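Colleague: What follows is a single structure, and I will ask about it in a moment.
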Amino acid sequence: SLSIFIASCPISANALDKIESIKGADKYETAGIIADKQNYTTAILINADSTMSDGLSASGLAGAINAPILLTKKNNIPNATLKRLEKAKKVYIIGGENSIDKYTETVLKGKGIEIKRLQGSDRIKTSYNVAKEINSINKVNKVILTNAFKGEPDAMSVAPVAVRDKAAIVLTDGKSVPFNTTGIESYAIGGTSSMSDSLVNDTNSTRLGGVDRYDTNKKIVNKFYNGAKEFYIASGTDLVYALVASPLAKNAPVVLVSNKSDKSILSGASKVTAIGISDKSIIEQCLDAVKK
């Protein structure tokens, strides 16, 4: 009778019964663990303690130079980060001295590391300078436009795409951009409340926006990773994990999740890796979504 039961209820060899996890003691170590999975001689350093505005555009640069995104404090480099910087011959610091101070720069130079700081008078100008750096390394043929002041979740959703395609994430005021996008593949990420119709039309962009960050994330995944069977999941509220995962996740989308988010996009996944998620209920919800 047992053999008859097994024959009538075959178990898929591909059924996923566990979600893998990449998680350190804190965000610095988690970023370091992700870096350990990459081969690199150049690294990107951002401060995500108070705002991620300077780091929003870092993913495209990470793709262009094959670099991990590591985290620091304003005036102190955590040991987990310092350990990974020992492998780097060059480090890009994103943001001005209000984000990462001169002392940090001096410490790294003292270790024989070449430093290049990319900054602007504000977060929008910083993103322009990062885009120019990407273009000097690898000609930019794709730009991703987001709102500089309320587009953090949108930028995190599209960060792996920027890594994969060496695209520039350019921050805007949501109304216009002072440059021409003719001949460039352009995307505007976010709904009309963050990215105006006039900006979308003037830049000949394709809009990808939903009713909330999770719906926008789903639209991005379906657009750029249609048919994906491998996914990374990261917090839809503590967005730094989605950002540091982007160099690792370039060939698989990052799905933003929370206790209330729609996780149906994970249905039938062959592999799911959680980045920095400690809430077991969210993990279980994601695993349930995979099995449906």
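The chains in the structure tokens are called A, B, ... from first to last as shown; in each chain the residues are counted from 1, and the ligands are counted from 1 in the order shown.
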Could you pull out the helix (DSSP H, G or I) residues of range 71-127 of chain A from DSSP and send them as a list in words?
Modeller: Asn79, Ala80, Thr81, Leu82, Lys83, Arg84, Leu85, Lys102, Tyr103, Thr104, Glu105, Thr106, Val107, Leu108, Lys109, Gly110, Arg123, Ile124, Lys125, Thr126 and Ser127 of chain A
Colleague: Let me see the file: selected residues, N, CA and C atoms, as a PDB file, in the first residue's frame.
Modeller:
```
ATOM      1  N   ASN A  79      35.468  46.523  11.234  1.00  0.00           N
ATOM      2  CA  ASN A  79      36.452  45.478  10.950  1.00  0.00           C
ATOM      3  C   ASN A  79      36.018  44.548   9.821  1.00  0.00           C
ATOM      4  N   ALA A  80      34.711  44.244   9.774  1.00  0.00           N
ATOM      5  CA  ALA A  80      34.206  43.355   8.720  1.00  0.00           C
ATOM      6  C   ALA A  80      34.455  43.944   7.340  1.00  0.00           C
ATOM      7  N   THR A  81      34.385  45.278   7.253  1.00  0.00           N
ATOM      8  CA  THR A  81      34.635  45.962   5.982  1.00  0.00           C
ATOM      9  C   THR A  81      36.127  46.071   5.708  1.00  0.00           C
ATOM     10  N   LEU A  82      36.872  46.433   6.744  1.00  0.00           N
ATOM     11  CA  LEU A  82      38.322  46.613   6.592  1.00  0.00           C
ATOM     12  C   LEU A  82      38.974  45.323   6.104  1.00  0.00           C
ATOM     13  N   LYS A  83      38.513  44.217   6.604  1.00  0.00           N
ATOM     14  CA  LYS A  83      39.049  42.906   6.200  1.00  0.00           C
ATOM     15  C   LYS A  83      38.893  42.699   4.702  1.00  0.00           C
ATOM     16  N   ARG A  84      37.755  43.078   4.151  1.00  0.00           N
ATOM     17  CA  ARG A  84      37.515  42.881   2.713  1.00  0.00           C
ATOM     18  C   ARG A  84      38.235  43.918   1.868  1.00  0.00           C
ATOM     19  N   LEU A  85      38.501  45.081   2.431  1.00  0.00           N
ATOM     20  CA  LEU A  85      39.217  46.116   1.686  1.00  0.00           C
ATOM     21  C   LEU A  85      40.696  45.771   1.509  1.00  0.00           C
ATOM     22  N   LYS A 102      37.271  62.577   5.647  1.00  0.00           N
ATOM     23  CA  LYS A 102      38.625  62.569   5.099  1.00  0.00           C
ATOM     24  C   LYS A 102      39.516  61.571   5.835  1.00  0.00           C
ATOM     25  N   TYR A 103      39.286  61.387   7.119  1.00  0.00           N
ATOM     26  CA  TYR A 103      40.107  60.467   7.908  1.00  0.00           C
ATOM     27  C   TYR A 103      40.023  59.046   7.347  1.00  0.00           C
ATOM     28  N   THR A 104      38.824  58.631   7.000  1.00  0.00           N
ATOM     29  CA  THR A 104      38.625  57.296   6.423  1.00  0.00           C
ATOM     30  C   THR A 104      39.441  57.151   5.145  1.00  0.00           C
ATOM     31  N   GLU A 105      39.399  58.176   4.343  1.00  0.00           N
ATOM     32  CA  GLU A 105      40.175  58.197   3.101  1.00  0.00           C
ATOM     33  C   GLU A 105      41.673  58.083   3.396  1.00  0.00           C
ATOM     34  N   THR A 106      42.120  58.814   4.414  1.00  0.00           N
ATOM     35  CA  THR A 106      43.539  58.796   4.789  1.00  0.00           C
ATOM     36  C   THR A 106      43.980  57.424   5.280  1.00  0.00           C
ATOM     37  N   VAL A 107      43.123  56.766   6.069  1.00  0.00           N
ATOM     38  CA  VAL A 107      43.429  55.423   6.569  1.00  0.00           C
ATOM     39  C   VAL A 107      43.661  54.457   5.415  1.00  0.00           C
ATOM     40  N   LEU A 108      42.794  54.514   4.420  1.00  0.00           N
ATOM     41  CA  LEU A 108      42.907  53.600   3.276  1.00  0.00           C
ATOM     42  C   LEU A 108      44.128  53.917   2.422  1.00  0.00           C
ATOM     43  N   LYS A 109      44.400  55.198   2.247  1.00  0.00           N
ATOM     44  CA  LYS A 109      45.595  55.581   1.487  1.00  0.00           C
ATOM     45  C   LYS A 109      46.850  55.092   2.200  1.00  0.00           C
ATOM     46  N   GLY A 110      46.813  55.105   3.524  1.00  0.00           N
ATOM     47  CA  GLY A 110      47.946  54.634   4.311  1.00  0.00           C
ATOM     48  C   GLY A 110      48.209  53.147   4.135  1.00  0.00           C
ATOM     49  N   ARG A 123      22.730  64.795  -3.957  1.00  0.00           N
ATOM     50  CA  ARG A 123      22.633  63.392  -4.372  1.00  0.00           C
ATOM     51  C   ARG A 123      22.415  63.242  -5.882  1.00  0.00           C
ATOM     52  N   ILE A 124      21.705  64.207  -6.464  1.00  0.00           N
ATOM     53  CA  ILE A 124      21.482  64.153  -7.915  1.00  0.00           C
ATOM     54  C   ILE A 124      22.799  64.337  -8.662  1.00  0.00           C
ATOM     55  N   LYS A 125      23.562  65.343  -8.258  1.00  0.00           N
ATOM     56  CA  LYS A 125      24.853  65.600  -8.910  1.00  0.00           C
ATOM     57  C   LYS A 125      25.827  64.438  -8.664  1.00  0.00           C
ATOM     58  N   THR A 126      25.761  63.842  -7.502  1.00  0.00           N
ATOM     59  CA  THR A 126      26.609  62.669  -7.242  1.00  0.00           C
ATOM     60  C   THR A 126      26.292  61.557  -8.232  1.00  0.00           C
ATOM     61  N   SER A 127      24.997  61.331  -8.478  1.00  0.00           N
ATOM     62  CA  SER A 127      24.620  60.269  -9.422  1.00  0.00           C
ATOM     63  C   SER A 127      25.102  60.586 -10.831  1.00  0.00           C
TER      64      SER A 127
END
```
Colleague: Need the shell around Asn147 in chain A: protein/DNA/RNA residues with any atom at most 6 Å away, counting only C-alpha atoms. Skip same-chain ones fewer than 4 positions apart. Format as number ranges by chain?
Modeller: A: 151, 171-174, 194
Colleague: Dump N, CA, C and O atoms for the selected residues as a JSON list (two decimals), in the first residue's frame?
Modeller:
```json
[["chain", "number", "residue", "atom", "x", "y", "z"],
["A", 151, "GLY", "N", 12.63, 57.64, -4.17],
["A", 151, "GLY", "CA", 12.79, 56.50, -5.08],
["A", 151, "GLY", "C", 13.74, 55.43, -4.60],
["A", 151, "GLY", "O", 14.17, 54.60, -5.40],
["A", 171, "LEU", "N", 19.64, 59.82, -10.58],
["A", 171, "LEU", "CA", 18.63, 60.38, -9.70],
["A", 171, "LEU", "C", 18.09, 61.68, -10.28],
["A", 171, "LEU", "O", 18.84, 62.46, -10.88],
["A", 172, "THR", "N", 16.80, 61.89, -10.10],
["A", 172, "THR", "CA", 16.15, 63.08, -10.67],
["A", 172, "THR", "C", 15.23, 63.72, -9.62],
["A", 172, "THR", "O", 14.97, 63.14, -8.57],
["A", 173, "ASP", "N", 14.71, 64.89, -9.99],
["A", 173, "ASP", "CA", 13.71, 65.52, -9.12],
["A", 173, "ASP", "C", 12.30, 65.02, -9.44],
["A", 173, "ASP", "O", 11.32, 65.48, -8.87],
["A", 174, "GLY", "N", 12.23, 64.08, -10.37],
["A", 174, "GLY", "CA", 10.94, 63.52, -10.75],
["A", 174, "GLY", "C", 10.21, 64.30, -11.81],
["A", 174, "GLY", "O", 9.13, 63.89, -12.27],
["A", 194, "SER", "N", 5.97, 59.89, -8.33],
["A", 194, "SER", "CA", 7.41, 60.09, -8.17],
["A", 194, "SER", "C", 8.10, 60.45, -9.48],
["A", 194, "SER", "O", 9.13, 61.13, -9.47]]
```
Colleague: What does the structure give for the distance between CA of Asn129 in chain A and CA of Lys27 in chain A, in Å to one decimal?
Modeller: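 Separation of CA of Asn129 in chain A and CA of Lys27 in chain A: 26.2 Å.
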Colleague: Give me the residues near Ala62 in chain A as a list in words, where near means some atom within 7 Å (using only C-alpha atoms) and where sequence neighbours in that chain fewer than 5 positions away do not count.
Modeller: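 In the requested form, the answer reads Ala67, Pro68, Ile69, Val163 and Pro247 of chain A.
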Colleague: Per DSSP on the backbone, what are the strand (DSSP E or B) residues of range 52-239 of chain A, as number ranges by chain?
Modeller: A: 69-71, 90-94, 114-118, 142-147, 168-172, 185-189, 206-208, 230-235
Colleague: Those same residues - C-alpha atoms - I'd like them written as a CSV table (one decimal), in the first residue's frame.
Modeller:
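Result file result.csv:
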```csv
chain,number,residue,atom,x,y,z
A,69,ILE,CA,29.6,47.3,-2.5
A,70,LEU,CA,30.9,47.6,1.1
A,71,LEU,CA,29.6,49.6,4.0
A,90,LYS,CA,41.5,50.7,-5.6
A,91,VAL,CA,38.5,51.9,-3.7
A,92,TYR,CA,35.7,54.2,-4.9
A,93,ILE,CA,34.2,56.3,-2.1
A,94,ILE,CA,30.7,57.5,-3.0
A,114,GLU,CA,44.2,54.1,-4.5
A,115,ILE,CA,41.2,56.2,-3.6
A,116,LYS,CA,38.8,57.9,-6.0
A,117,ARG,CA,36.0,59.8,-4.5
A,118,LEU,CA,32.8,60.5,-6.6
A,142,LYS,CA,21.0,52.2,-20.8
A,143,VAL,CA,19.9,54.7,-18.1
A,144,ILE,CA,17.6,54.1,-15.3
A,145,LEU,CA,15.9,57.2,-13.9
A,146,THR,CA,14.5,57.3,-10.4
A,147,ASN,CA,13.3,59.9,-7.9
A,168,ALA,CA,23.6,54.2,-15.0
A,169,ILE,CA,21.0,54.8,-12.3
A,170,VAL,CA,20.5,58.6,-12.5
A,171,LEU,CA,18.6,60.4,-9.7
A,172,THR,CA,16.2,63.1,-10.7
A,185,GLU,CA,17.6,52.9,-23.7
A,186,SER,CA,15.9,54.7,-20.9
A,187,TYR,CA,13.6,53.6,-18.1
A,188,ALA,CA,11.7,55.6,-15.5
A,189,ILE,CA,11.1,53.7,-12.3
A,206,THR,CA,9.6,53.1,-20.5
A,207,ARG,CA,7.8,53.5,-17.2
A,208,LEU,CA,8.0,50.7,-14.7
A,230,GLU,CA,16.4,31.6,-9.1
A,231,PHE,CA,15.8,34.6,-6.8
A,232,TYR,CA,17.3,36.6,-4.0
A,233,ILE,CA,14.9,38.0,-1.4
A,234,ALA,CA,15.7,41.1,0.8
A,235,SER,CA,13.8,43.3,3.1
```
Colleague: Determine, for each residue of range 144-196 of chain A having at least one atom at most 8 Å from an atom of range 135-140 of chain A, the closest pair of atoms and their separation in Å to one decimal, counting only C-alpha atoms; order by chain and ascending number, as JSON lines.
Modeller:
```
{"residue": "A:Lys166", "atom": "CA", "partner": "A:Val140", "partner_atom": "CA", "distance": 7.1}
{"residue": "A:Ala167", "atom": "CA", "partner": "A:Val140", "partner_atom": "CA", "distance": 6.1}
{"residue": "A:Ala168", "atom": "CA", "partner": "A:Val140", "partner_atom": "CA", "distance": 6.9}
{"residue": "A:Ile184", "atom": "CA", "partner": "A:Val140", "partner_atom": "CA", "distance": 7.9}
```
Colleague: Keeping only all heavy atoms, take the residues you just selected and write them out as an mmCIF file, in the first residue's frame.
Modeller:
```cif
data_model
loop_
_atom_site.group_PDB
_atom_site.id
_atom_site.type_symbol
_atom_site.label_atom_id
_atom_site.label_comp_id
_atom_site.auth_asym_id
_atom_site.auth_seq_id
_atom_site.Cartn_x
_atom_site.Cartn_y
_atom_site.Cartn_z
ATOM 1 N N LYS A 166 25.525 47.150 -16.749
ATOM 2 C CA LYS A 166 26.433 48.292 -16.596
ATOM 3 C C LYS A 166 25.706 49.597 -16.920
ATOM 4 O O LYS A 166 26.225 50.495 -17.584
ATOM 5 C CB LYS A 166 27.677 48.120 -17.489
ATOM 6 C CG LYS A 166 28.458 46.831 -17.189
ATOM 7 C CD LYS A 166 29.609 46.644 -18.167
ATOM 8 C CE LYS A 166 30.431 45.403 -17.839
ATOM 9 N NZ LYS A 166 29.648 44.158 -17.920
ATOM 10 N N ALA A 167 24.477 49.669 -16.436
ATOM 11 C CA ALA A 167 23.621 50.830 -16.677
ATOM 12 C C ALA A 167 23.815 51.875 -15.587
ATOM 13 O O ALA A 167 24.211 51.555 -14.469
ATOM 14 C CB ALA A 167 22.158 50.391 -16.728
ATOM 15 N N ALA A 168 23.528 53.112 -15.934
ATOM 16 C CA ALA A 168 23.629 54.197 -14.962
ATOM 17 C C ALA A 168 22.272 54.436 -14.314
ATOM 18 O O ALA A 168 21.275 54.623 -15.014
ATOM 19 C CB ALA A 168 24.109 55.470 -15.649
ATOM 20 N N ILE A 184 19.636 56.347 -26.353
ATOM 21 C CA ILE A 184 19.915 55.557 -25.148
ATOM 22 C C ILE A 184 18.630 54.881 -24.691
ATOM 23 O O ILE A 184 17.555 55.493 -24.696
ATOM 24 C CB ILE A 184 20.470 56.450 -24.018
ATOM 25 C CG1 ILE A 184 21.785 57.103 -24.428
ATOM 26 C CG2 ILE A 184 20.681 55.641 -22.743
ATOM 27 C CD1 ILE A 184 22.336 58.077 -23.402
#
```
Colleague: How many Å lie between CA of Ile134 in chain A and CA of Lys87 in chain A, rounded to one decimal?
Modeller: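 Going from CA of Ile134 in chain A over to CA of Lys87 in chain A, I get 21.8 Å.
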Colleague: Within 7 Å of range 18-21 of chain A, counting only C-alpha atoms, which residues show up once you throw out same-chain ones fewer than 6 positions away? Write them as a list in words, please.
Modeller: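 In the requested format, the answer is Val272, Thr273, Ala274, Ile275 and Leu287 of chain A.
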Colleague: Check the smallest atom-to-atom distance from each of A:Val240, A:Asn180, A:Ser121, A:Gly276 to Asp49 in chain A using only C-alpha atoms, then report the winner.
Modeller: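 Nearest to Asp49 in chain A: A:Val240.
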Colleague: Excluding Asn251 in chain A and any residue of its chain fewer than 4 positions from it, enumerate the residues within 12 Å of it, using only C-alpha atoms, and give them as a PyMOL selection string.
Modeller: chain A and resi 63+159-165+221+224-226+228-232+245-247
Colleague: Looking at only C-alpha atoms, which of A:Ala35, A:Cys286, A:Ala88, A:Ala242 is the one that sits closest to Ser59 in chain A?
Modeller: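 Nearest to Ser59 in chain A: A:Ala242.
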Colleague: Can you work out which one of A:Lys280, A:Lys223, A:Lys218, A:Lys271 has the shortest atom-to-atom distance to Leu256 in chain A, counting only C-alpha atoms?
Modeller: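 Of the candidates, the smallest distance to Leu256 in chain A is held by A:Lys218.
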Colleague: Figure out the distance between CA of Leu45 in chain A and CA of Ile65 in chain A, please, to one decimal in Å.
Modeller: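 Calculated distance between CA of Ile65 in chain A and CA of Leu45 in chain A is 13.2 Å.
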